[in-house]
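Asker: I'd like to ask you about the structure that follows.
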Amino acid sequence: VCLFKYFVTSTDPQSGFTWVVLIVNFLCFIVITISYIMINFKTLHSSRRIRDKSRADDTLTRRNRSVQRKITFIIITDFLCWIPFITTCLLHYYEVVDASSWYSTFSIIILPINSVINPLLYDDTVSRCVQRVRENRPVNKVSEMFVSGVVGLRGQLGEIHTVKSDVVETDTAIATAL
């Protein structure tokens, strides 16, 4: 990860630029949070309106709840990644703490977590894979070919059936962990 120096003090020449970047980051976080909260309220209002008109349509209500859950997770993960970082930058700047040794932890672990988690939250691929594993269906074409090949060879080589069941058990354990 290539990051410029965020943990600056008042004597560092790049402190002005660092604070501009951090303030822009914080403002982006606020705008994104407000936008997602507005989307959340709109879907909640839409669900209530539909529920009042027709109590039989649970599909749309479930879909809206799924959107609300995603929004909540996105806001929480953004908050948990960026607010501690900005707070640590502030505390370091005012020399309350010496966060120089924490820089690698933030740049290698904490900040990239947000970048890794967001695509998973925005996309339904993970939930579809978990559902397919729970239903004992292949997750993708490669596993589908593997399972069909194993089923075709099951009569000829019994140990391949064991390998197939190990893969399904592993996939199920991963899905359960998620």
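By convention in this document, the chains of the structure tokens carry letters A, B, ... by their order, each chain's residues are numbered from 1, and ligands are numbered from 1 in the order they are shown.
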Do a neighbour search on range 16-26 of chain A at 12 Å with only C-alpha atoms, toss out local chain neighbours closer than 6 positions, and write the hits as a list of chain:residue names.
Answerer: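 Skipping anything fewer than 6 positions along the chain leaves A:Leu3, A:Phe4, A:Lys5, A:Tyr6, A:Phe7, A:Val8, A:Thr9, A:Ser10, A:Ile32, A:Thr33, A:Asp78, A:Phe79, A:Cys81, A:Trp82, A:Ile83, A:Pro84, A:Phe85, A:Ile86, A:Thr87, A:Thr88, A:Cys89, A:Leu90, A:Tyr93.
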Asker: With distances taken over only C-alpha atoms, which residue among A:Asp58, A:Glu135, A:Asp123, A:Asp12 lies nearest His92 in chain A?
Answerer: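 Looking at the shortest contact to His92 in chain A, the residue is A:Asp12.
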Asker: Which distance in Å separates CA of Phe29 in chain A and CA of Asn114 in chain A, to one decimal?
Answerer: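 Taking CA of Phe29 in chain A and CA of Asn114 in chain A, their separation equals 12.3 Å.
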Asker: If you run DSSP on this backbone, which residues of range 48-97 of chain A come out as alpha helix (DSSP H), and could you give them as a ChimeraX atom specification?
Answerer: /A:48-53,58-93
Asker: Range 35-47 of chain A: which residues within 9 Å, counting only C-alpha atoms, same-chain residues fewer than 3 positions away excluded, as a tab-separated table (two decimals) with N, CA and C atoms, in the first residue's frame?
Answerer:
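The file below, out.tsv, is the result:
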chain	number	residue	atom	x	y	z
A	30	ILE	N	-19.46	11.81	5.35
A	30	ILE	CA	-20.72	12.42	5.80
A	30	ILE	C	-21.76	12.41	4.68
A	31	VAL	N	-21.36	12.79	3.47
A	31	VAL	CA	-22.29	12.81	2.33
A	31	VAL	C	-22.80	11.41	2.02
A	32	ILE	N	-21.90	10.43	2.02
A	32	ILE	CA	-22.30	9.05	1.75
A	32	ILE	C	-23.25	8.55	2.84
A	50	ILE	N	-46.56	-0.05	0.68
A	50	ILE	CA	-46.97	-1.27	-0.01
A	50	ILE	C	-47.68	-2.21	0.95
A	51	ARG	N	-47.17	-2.31	2.17
A	51	ARG	CA	-47.80	-3.17	3.17
A	51	ARG	C	-49.21	-2.71	3.48
A	52	ASP	N	-49.43	-1.40	3.52
A	52	ASP	CA	-50.76	-0.88	3.80
A	52	ASP	C	-51.73	-1.21	2.67
A	60	LEU	N	-41.37	-7.85	-1.99
A	60	LEU	CA	-40.83	-6.50	-2.02
A	60	LEU	C	-40.40	-6.04	-0.63
A	61	THR	N	-41.15	-6.43	0.37
A	61	THR	CA	-40.78	-6.07	1.74
A	61	THR	C	-39.45	-6.72	2.11
A	62	ARG	N	-39.27	-8.00	1.75
A	62	ARG	CA	-38.01	-8.68	2.02
A	62	ARG	C	-36.86	-8.03	1.26
A	64	ASN	N	-36.66	-4.89	0.30
A	64	ASN	CA	-36.37	-3.60	0.94
A	64	ASN	C	-35.59	-3.80	2.24
A	65	ARG	N	-35.94	-4.82	2.99
A	65	ARG	CA	-35.19	-5.11	4.23
A	65	ARG	C	-33.74	-5.48	3.91
A	67	VAL	N	-32.03	-4.40	1.33
A	67	VAL	CA	-31.36	-3.14	0.98
A	67	VAL	C	-31.03	-2.36	2.25
A	68	GLN	N	-31.95	-2.30	3.19
A	68	GLN	CA	-31.71	-1.58	4.44
A	68	GLN	C	-30.56	-2.22	5.23
A	69	ARG	N	-30.50	-3.53	5.23
A	69	ARG	CA	-29.41	-4.21	5.94
A	69	ARG	C	-28.07	-3.90	5.29
A	71	ILE	N	-27.27	-1.27	3.53
A	71	ILE	CA	-26.96	0.14	3.81
A	71	ILE	C	-26.38	0.28	5.21
A	72	THR	N	-26.99	-0.39	6.15
A	72	THR	CA	-26.50	-0.33	7.53
A	72	THR	C	-25.08	-0.86	7.62
A	74	ILE	N	-22.83	-1.04	5.23
A	74	ILE	CA	-21.92	-0.14	4.52
A	74	ILE	C	-21.55	1.05	5.39
A	75	ILE	N	-22.54	1.64	6.04
A	75	ILE	CA	-22.28	2.78	6.91
A	75	ILE	C	-21.40	2.37	8.09
Asker: Please provide as a list in words all residues within 9 Å of Thr77 in chain A, with the sequence filter that same-chain residues fewer than 6 positions apart are discarded (counting only C-alpha atoms).
Answerer: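 After dropping sequence-adjacent residues, the list is Ile113, Asn114, Ile117 and Asn118 of chain A.
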